[in-house]
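Novice: Can you read through this structure? Questions will come right after.
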Amino acid sequence: MKKIFTLLLALSAYFTSNAQYKYLFVEGRAGLTGVAQPSMNSFKLMNFGIGYMFNPSFGLKLDYASDSFRLKTPVETPIEFGTDGKRISLQGVLNVSAVINDREAEFSKFNFLIHAGAGYSVINSTLISGDDQVLNLIAGITPKFKVTKGLALIVDASVILNESQHFNFDGTTAVTGNVNNSFTGIMYNVSGGLMYSFDMD
């Protein structure tokens, strides 16, 4: 019982001592989006997010992203093969640098963040009408480089899984007759942009 009380006291002291480091942040990024099957990529990724850090180590963010894929076809082919996607997700954010040393991370020019979560995606095909609505799972890493107080450059690399996807990324359908051949669509994003933090003290 004494050990449990000591642990609770230590945790309480930790979160109380770090309460002054709470902050709100917004971020915007653009860059490369791609898939492995079929092999397609484009620089039509746009991503925006807003988040809140409860302490130097942990926070949550809500983000929105859109991307577009087009399969390269001969000039004489009038049909456009591809998809357009939009997603929203809620993710946990962990500042690894702050976990290792929260005081040093606060004043450091460089912080290393990881994030993971889930959300909702809508995929539209250039060939087939309708929406393919799927659950997405996302995880990634975000190196953060401080420029001035509040402003930072960020680079992000993420992997997104689309559960029970029905449209192939080239715009064709995975449904054959009455057979629902849904699959897990795998995407990757590599992007860069800016993050601005607002001190909530």
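Residues are referred to by chain and number: the chain letter is A, B, ... according to the order shown in the structure tokens, the number counts from 1 in that chain, and ligands are numbered separately from 1 in the order shown.
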How close does region 102-156 of chain A get to region 78-85 of chain A? List, as a tab-separated table, each residue of region 102-156 of chain A within 10 Å, its nearest atom pair and the distance in Å to one decimal, counting only C-alpha atoms.
Specialist:
```
residue	atom	partner	partner_atom	distance
A:Ser121	CA	A:Gly85	CA	7.1
A:Val122	CA	A:Gly85	CA	5.8
A:Ile123	CA	A:Gly85	CA	4.4
A:Asn124	CA	A:Asp84	CA	5.2
A:Ser125	CA	A:Thr83	CA	4.5
A:Thr126	CA	A:Gly82	CA	5.6
A:Leu127	CA	A:Phe81	CA	6.7
A:Ile128	CA	A:Thr83	CA	9.7
A:Asp131	CA	A:Gly85	CA	9.7
A:Asp132	CA	A:Gly85	CA	9.3
A:Gln133	CA	A:Gly85	CA	9.9
```
Novice: Produce a file of the selected residues containing C-alpha atoms, as a CSV table (one decimal), in the first residue's frame.
Specialist:
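Done, and the output landed in result30.csv:
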```csv
chain,number,residue,atom,x,y,z
A,121,SER,CA,-11.5,8.4,-44.8
A,122,VAL,CA,-13.6,8.9,-48.0
A,123,ILE,CA,-12.1,7.7,-51.3
A,124,ASN,CA,-13.5,8.7,-54.7
A,125,SER,CA,-12.7,7.0,-58.0
A,126,THR,CA,-12.3,8.7,-61.4
A,127,LEU,CA,-14.0,5.7,-62.9
A,128,ILE,CA,-16.8,4.8,-60.5
A,131,ASP,CA,-17.9,7.1,-52.0
A,132,ASP,CA,-15.7,4.4,-50.5
A,133,GLN,CA,-15.9,5.1,-46.7
```
Novice: Taking only C-alpha atoms into account, produce a table as JSON lines in which each residue of region 95-171 of chain A with an atom at most 9 Å from an atom of region 28-48 of chain A appears once, together with its shortest atom pair and the distance in Å to one decimal, ordered by chain and rising number.
Specialist:
```
{"residue": "A:Ile154", "atom": "CA", "partner": "A:Arg29", "partner_atom": "CA", "distance": 8.1}
{"residue": "A:Val155", "atom": "CA", "partner": "A:Arg29", "partner_atom": "CA", "distance": 8.3}
{"residue": "A:Asp156", "atom": "CA", "partner": "A:Arg29", "partner_atom": "CA", "distance": 8.4}
{"residue": "A:Asn168", "atom": "CA", "partner": "A:Pro38", "partner_atom": "CA", "distance": 8.5}
{"residue": "A:Phe169", "atom": "CA", "partner": "A:Pro38", "partner_atom": "CA", "distance": 7.2}
{"residue": "A:Asp170", "atom": "CA", "partner": "A:Pro38", "partner_atom": "CA", "distance": 7.3}
```
Novice: CA of Phe112 (chain A) and CA of Val99 (chain A) are how many Å apart?
Specialist: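 One can read the CA of Phe112 (chain A) to CA of Val99 (chain A) distance as 10.1 Å.
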Novice: May I ask which of the residues A:Leu60, A:Leu24, A:Ile141, A:Leu194 is the closest one to Ile114 (chain A), counting only C-alpha atoms?
Specialist: A:Ile141
Novice: Of the candidates A:Lys149, A:Arg87, A:Lys61, A:Arg70, which one gets nearest to Gly171 (chain A) if we count only C-alpha atoms?
Specialist: A:Arg70
Novice: Quick one: residues within 10 Å of Ala116 (chain A), only C-alpha atoms, excluding same-chain residues fewer than 2 positions away - as a compact mmCIF listing (two decimals) with N, CA and C atoms, in the first residue's frame?
Specialist:
```
# COMPACT_ATOMS: atom_id res chain seq x y z
N LEU A 60 -2.76 15.46 -27.77
CA LEU A 60 -3.66 14.93 -28.79
C LEU A 60 -3.73 15.90 -29.95
N LYS A 61 -3.96 15.38 -31.15
CA LYS A 61 -4.19 16.28 -32.28
C LYS A 61 -5.26 15.72 -33.20
N SER A 89 -8.48 12.36 -38.70
CA SER A 89 -8.07 11.40 -37.68
C SER A 89 -7.76 12.09 -36.36
N LEU A 90 -7.94 11.35 -35.28
CA LEU A 90 -7.58 11.79 -33.94
C LEU A 90 -6.37 10.96 -33.51
N GLN A 91 -5.31 11.64 -33.09
CA GLN A 91 -4.07 10.94 -32.80
C GLN A 91 -3.46 11.38 -31.46
N GLY A 92 -2.82 10.44 -30.83
CA GLY A 92 -2.01 10.75 -29.66
C GLY A 92 -0.63 11.19 -30.13
N VAL A 93 -0.04 12.15 -29.44
CA VAL A 93 1.28 12.67 -29.79
C VAL A 93 2.21 12.49 -28.59
N LEU A 94 3.36 11.89 -28.84
CA LEU A 94 4.35 11.68 -27.79
C LEU A 94 5.65 12.37 -28.17
N ILE A 114 6.49 11.32 -32.00
CA ILE A 114 5.82 10.22 -32.70
C ILE A 114 4.32 10.40 -32.49
N ALA A 118 -6.44 6.92 -35.18
CA ALA A 118 -7.39 6.35 -36.13
C ALA A 118 -8.38 7.42 -36.57
N LEU A 137 -6.12 3.87 -40.04
CA LEU A 137 -5.17 3.79 -38.92
C LEU A 137 -3.90 4.46 -39.37
N ILE A 138 -3.32 5.30 -38.54
CA ILE A 138 -2.14 6.08 -38.95
C ILE A 138 -1.08 6.09 -37.85
N ALA A 139 0.17 6.06 -38.26
CA ALA A 139 1.29 6.18 -37.33
C ALA A 139 2.44 6.86 -38.05
N GLY A 140 3.22 7.66 -37.33
CA GLY A 140 4.31 8.36 -37.98
C GLY A 140 5.29 8.99 -37.02
N ILE A 141 6.32 9.58 -37.60
CA ILE A 141 7.34 10.29 -36.83
C ILE A 141 7.44 11.72 -37.34
N SER A 158 4.72 9.24 -42.44
CA SER A 158 3.62 8.48 -41.86
C SER A 158 3.20 7.33 -42.77
N VAL A 159 2.62 6.32 -42.14
CA VAL A 159 2.02 5.20 -42.85
C VAL A 159 0.54 5.16 -42.48
N ILE A 160 -0.33 5.02 -43.50
CA ILE A 160 -1.77 4.98 -43.28
C ILE A 160 -2.33 3.68 -43.81
```
Novice: Between A:Ala157, A:Leu113, A:Leu151, A:Ile88, which has the minimum distance to Phe25 (chain A) (counting only C-alpha atoms)?
Specialist: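 Using only C-alpha atoms, Phe25 (chain A) sits closest to A:Leu151.
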Novice: Using DSSP secondary structure from the backbone, list all strand (DSSP E or B) positions within chain A, as a PyMOL selection string.
Specialist: chain A and resi 23-35+40-53+58-70+82-95+110-125+131-148+151-165+167+173+175-176+179-180+183-199
